[in-house]
Amino acid sequence: MGVAFEPFKLCFLVSAFLFRPVAGGGVGLFPAQCERIECPSYDVVGSGDGFEIRRYNSSMWISTQPIEDISLVHAGNVAFYQLFDYIQGKNSNHEKIEMTAPVIIEVKPSDGPFCASSFVVSFFVPKANQPTAPSSETLWLQKWGLTYVAVRQFSGFVKDEDVGVEAAALYASVAGTVWSDAIERSHSGDNATHYIVAQYNSPFEFKNRVNEIWFRFDLEEGAIASVV
């Protein structure tokens, strides 16, 4: 690994010392929620010890403005109601939109454990609504093109003290693999410590909960043939 991931390692040192890893981390469990409601489609193009690599061909998300908070859980709760109002018809088309999964939180961690981080929370826009997705005065639409994601799963309810540990575990899993150079290039500079927390379950579901840590990265056309 080059030096670009070094800030990533330093960012999670405090988590590694203070908190133990969450049991059941890894990959391989298809979220049952996606059998009942729509989720973005993807192909699994690779895997390793504790992670898998997915290719999302195209997806659209309705997103909040960045929320500055010391708690991912609190920021997610605040944002959820903004997004829920949107799908209930508080949008430019006054159109109700089906609930989807996962709810994702893009995390830009702070420089210290007691400083505010930046969180952008998003709902996946159903494919039927994407061609004419309504706008919002307070939210924004973001379109992902071809996107690669390194993924680690963990169970239970998401807690603030868990996400840094799980992100560090995903970092450790992909380090030194055939995917690490592409991930490193995409996580350099201002993006060095960014990651995504994906949550699939309703707050009222207590069993078989599936959460994921994602590292988004770009892969040059034709490069995949050399790593799979």
# chains A, B, ... in the order shown; residues from 1 in each chain; ligands from 1
call {"tool": "residues_around", "arguments": {"residues": "Phe84 of chain A", "least_positions_apart": "4", "cutoff": "12 Å", "atoms": "only C-alpha atoms", "output": "PyMOL selection string"}}
result
chain A and resi 62-64+76-80+88-91+96-100+103+121-124+139
call {"tool": "residues_around", "arguments": {"residues": "Ile183 of chain A", "least_positions_apart": "6", "cutoff": "9 Å", "atoms": "only C-alpha atoms", "output": "NGL selection string"}}
result
:A and (149-150 or 174 or 215-219)
call {"tool": "write_last_selection", "arguments": {"atoms": "N, CA and C atoms", "output": "mmCIF file, in the first residue's frame"}}
result
data_model
loop_
_atom_site.group_PDB
_atom_site.id
_atom_site.type_symbol
_atom_site.label_atom_id
_atom_site.label_comp_id
_atom_site.auth_asym_id
_atom_site.auth_seq_id
_atom_site.Cartn_x
_atom_site.Cartn_y
_atom_site.Cartn_z
ATOM 1 N N VAL A 149 -17.701 -0.779 -5.379
ATOM 2 C CA VAL A 149 -17.810 -0.611 -3.937
ATOM 3 C C VAL A 149 -17.196 -1.820 -3.242
ATOM 4 N N ALA A 150 -16.274 -1.568 -2.320
ATOM 5 C CA ALA A 150 -15.797 -2.620 -1.419
ATOM 6 C C ALA A 150 -16.724 -2.626 -0.209
ATOM 7 N N VAL A 174 -8.922 -5.101 2.748
ATOM 8 C CA VAL A 174 -8.601 -4.845 1.339
ATOM 9 C C VAL A 174 -7.135 -4.482 1.130
ATOM 10 N N PHE A 215 -16.664 1.294 0.740
ATOM 11 C CA PHE A 215 -15.672 2.200 0.152
ATOM 12 C C PHE A 215 -15.987 2.286 -1.338
ATOM 13 N N ARG A 216 -16.426 3.428 -1.811
ATOM 14 C CA ARG A 216 -16.621 3.634 -3.251
ATOM 15 C C ARG A 216 -15.270 3.861 -3.915
ATOM 16 N N PHE A 217 -15.113 3.314 -5.130
ATOM 17 C CA PHE A 217 -13.872 3.573 -5.863
ATOM 18 C C PHE A 217 -14.108 3.434 -7.348
ATOM 19 N N ASP A 218 -13.218 4.011 -8.120
ATOM 20 C CA ASP A 218 -13.266 3.947 -9.580
ATOM 21 C C ASP A 218 -12.306 2.884 -10.073
ATOM 22 N N LEU A 219 -12.676 2.247 -11.160
ATOM 23 C CA LEU A 219 -11.820 1.243 -11.778
ATOM 24 C C LEU A 219 -11.746 1.541 -13.254
#
call {"tool": "atom_distance", "arguments": {"atom1": "atom CA of Pro109 of chain A", "atom2": "atom CA of Ala167 of chain A"}}
result
11.1 Å
call {"tool": "closest_residue", "arguments": {"among": "A:Pro31, A:Trp144, A:Ile105, A:Arg152", "to": "His74 of chain A", "atoms": "only C-alpha atoms"}}
result
A:Ile105
call {"tool": "select_by_dssp", "arguments": {"residues": "chain A", "states": "strand (DSSP E)", "output": "VMD selection string"}}
result
chain A and resid 43 to 48 51 to 56 59 to 63 67 to 69 103 to 108 117 to 124 140 to 144 147 to 154 195 to 199 211 to 217
call {"tool": "residues_around", "arguments": {"residues": "Ser59 of chain A", "least_positions_apart": "4", "cutoff": "9 Å", "atoms": "only C-alpha atoms", "output": "PyMOL selection string"}}
result
chain A and resi 40-41+124-127+130+142-147
call {"tool": "write_last_selection", "arguments": {"atoms": "N, CA, C and O atoms", "output": "mmCIF file, in the first residue's frame"}}
result
data_model
loop_
_atom_site.group_PDB
_atom_site.id
_atom_site.type_symbol
_atom_site.label_atom_id
_atom_site.label_comp_id
_atom_site.auth_asym_id
_atom_site.auth_seq_id
_atom_site.Cartn_x
_atom_site.Cartn_y
_atom_site.Cartn_z
ATOM 1 N N PRO A 40 -30.922 -1.052 -4.997
ATOM 2 C CA PRO A 40 -30.140 -0.902 -6.228
ATOM 3 C C PRO A 40 -29.511 -2.231 -6.621
ATOM 4 O O PRO A 40 -29.044 -2.987 -5.769
ATOM 5 N N SER A 41 -29.521 -2.531 -7.897
ATOM 6 C CA SER A 41 -28.969 -3.798 -8.378
ATOM 7 C C SER A 41 -27.462 -3.692 -8.548
ATOM 8 O O SER A 41 -26.917 -2.614 -8.815
ATOM 9 N N PHE A 124 -32.321 5.598 -1.807
ATOM 10 C CA PHE A 124 -32.268 5.177 -3.206
ATOM 11 C C PHE A 124 -33.593 5.514 -3.876
ATOM 12 O O PHE A 124 -34.666 5.226 -3.342
ATOM 13 N N VAL A 125 -33.527 6.140 -5.056
ATOM 14 C CA VAL A 125 -34.723 6.474 -5.823
ATOM 15 C C VAL A 125 -35.128 5.255 -6.650
ATOM 16 O O VAL A 125 -34.305 4.723 -7.400
ATOM 17 N N PRO A 126 -36.380 4.777 -6.533
ATOM 18 C CA PRO A 126 -36.803 3.603 -7.317
ATOM 19 C C PRO A 126 -36.567 3.825 -8.807
ATOM 20 O O PRO A 126 -36.691 4.951 -9.314
ATOM 21 N N LYS A 127 -36.245 2.752 -9.504
ATOM 22 C CA LYS A 127 -35.930 2.872 -10.927
ATOM 23 C C LYS A 127 -37.076 3.477 -11.719
ATOM 24 O O LYS A 127 -36.863 4.232 -12.676
ATOM 25 N N GLN A 130 -36.774 7.253 -11.509
ATOM 26 C CA GLN A 130 -35.519 7.933 -11.835
ATOM 27 C C GLN A 130 -35.593 8.840 -13.067
ATOM 28 O O GLN A 130 -34.997 9.924 -13.057
ATOM 29 N N GLN A 142 -28.492 12.921 -6.563
ATOM 30 C CA GLN A 142 -27.163 12.567 -7.060
ATOM 31 C C GLN A 142 -27.251 11.266 -7.855
ATOM 32 O O GLN A 142 -27.880 10.306 -7.429
ATOM 33 N N LYS A 143 -26.627 11.283 -9.014
ATOM 34 C CA LYS A 143 -26.653 10.137 -9.918
ATOM 35 C C LYS A 143 -25.289 9.473 -9.920
ATOM 36 O O LYS A 143 -24.275 10.119 -10.161
ATOM 37 N N TRP A 144 -25.271 8.187 -9.604
ATOM 38 C CA TRP A 144 -24.049 7.409 -9.706
ATOM 39 C C TRP A 144 -24.020 6.726 -11.060
ATOM 40 O O TRP A 144 -24.991 6.083 -11.456
ATOM 41 N N GLY A 145 -22.924 6.841 -11.756
ATOM 42 C CA GLY A 145 -22.724 6.044 -12.950
ATOM 43 C C GLY A 145 -22.184 4.675 -12.548
ATOM 44 O O GLY A 145 -22.523 4.138 -11.491
ATOM 45 N N LEU A 146 -21.333 4.112 -13.380
ATOM 46 C CA LEU A 146 -20.701 2.838 -13.047
ATOM 47 C C LEU A 146 -19.836 3.030 -11.812
ATOM 48 O O LEU A 146 -18.909 3.837 -11.811
ATOM 49 N N THR A 147 -20.138 2.306 -10.753
ATOM 50 C CA THR A 147 -19.482 2.516 -9.462
ATOM 51 C C THR A 147 -19.080 1.189 -8.850
ATOM 52 O O THR A 147 -19.880 0.242 -8.813
#
call {"tool": "closest_residue", "arguments": {"among": "A:Ser186, A:Gly164, A:Ser71, A:Leu170", "to": "Ala116 of chain A", "atoms": "only C-alpha atoms"}}
result
A:Ser71
call {"tool": "atom_distance", "arguments": {"atom1": "atom CA of Glu35 of chain A", "atom2": "atom CA of Lys207 of chain A"}}
result
15.5 Å
call {"tool": "select_by_dssp", "arguments": {"residues": "segment 168-216 of chain A", "states": "alpha helix (DSSP H)", "output": "number ranges by chain"}}
result
A: 168-174, 180-186
call {"tool": "closest_residue", "arguments": {"among": "A:Asn191, A:Ser135, A:Val178, A:Pro66", "to": "Ser47 of chain A", "atoms": "only C-alpha atoms"}}
result
A:Val178
call {"tool": "atom_distance", "arguments": {"atom1": "atom CA of Val45 of chain A", "atom2": "atom CA of Ala133 of chain A"}}
result
29.3 Å
call {"tool": "residues_around", "arguments": {"residues": "Phe119 of chain A", "least_positions_apart": "6", "cutoff": "7 Å", "atoms": "only C-alpha atoms", "output": "JSON list (two decimals) with N, CA and C atoms, in the first residue's frame"}}
result
[["chain", "number", "residue", "atom", "x", "y", "z"],
["A", 66, "PRO", "N", -25.03, 18.30, 3.71],
["A", 66, "PRO", "CA", -24.17, 17.79, 4.78],
["A", 66, "PRO", "C", -24.66, 18.23, 6.15],
["A", 67, "ILE", "N", -24.67, 17.29, 7.09],
["A", 67, "ILE", "CA", -25.08, 17.54, 8.46],
["A", 67, "ILE", "C", -23.85, 17.42, 9.35],
["A", 68, "GLU", "N", -23.54, 18.47, 10.08],
["A", 68, "GLU", "CA", -22.40, 18.46, 11.00],
["A", 68, "GLU", "C", -22.88, 17.98, 12.36],
["A", 75, "ALA", "N", -27.44, 12.19, 13.53],
["A", 75, "ALA", "CA", -27.55, 12.80, 12.20],
["A", 75, "ALA", "C", -28.49, 12.00, 11.32],
["A", 105, "ILE", "N", -25.41, 6.52, 4.60],
["A", 105, "ILE", "CA", -24.86, 7.72, 5.22],
["A", 105, "ILE", "C", -23.40, 7.84, 4.78],
["A", 106, "GLU", "N", -23.12, 8.87, 3.99],
["A", 106, "GLU", "CA", -21.75, 9.15, 3.57],
["A", 106, "GLU", "C", -21.06, 9.92, 4.70],
["A", 107, "VAL", "N", -19.94, 9.40, 5.15],
["A", 107, "VAL", "CA", -19.27, 9.91, 6.33],
["A", 107, "VAL", "C", -17.94, 10.56, 5.95],
["A", 108, "LYS", "N", -17.77, 11.80, 6.37],
["A", 108, "LYS", "CA", -16.46, 12.46, 6.31],
["A", 108, "LYS", "C", -16.03, 12.68, 7.76]]
call {"tool": "closest_residue", "arguments": {"among": "A:Asn57, A:Asn93, A:Ser180, A:Gln153", "to": "Val210 of chain A", "atoms": "only C-alpha atoms"}}
result
A:Gln153
call {"tool": "closest_residue", "arguments": {"among": "A:Tyr171, A:Trp140, A:Tyr200, A:Phe157", "to": "Gln82 of chain A", "atoms": "only C-alpha atoms"}}
result
A:Trp140
call {"tool": "residues_around", "arguments": {"residues": "Ile37 of chain A", "least_positions_apart": "3", "cutoff": "7 Å", "atoms": "only C-alpha atoms", "output": "VMD selection string"}}
result
chain A and resid 33 to 34 100 to 101
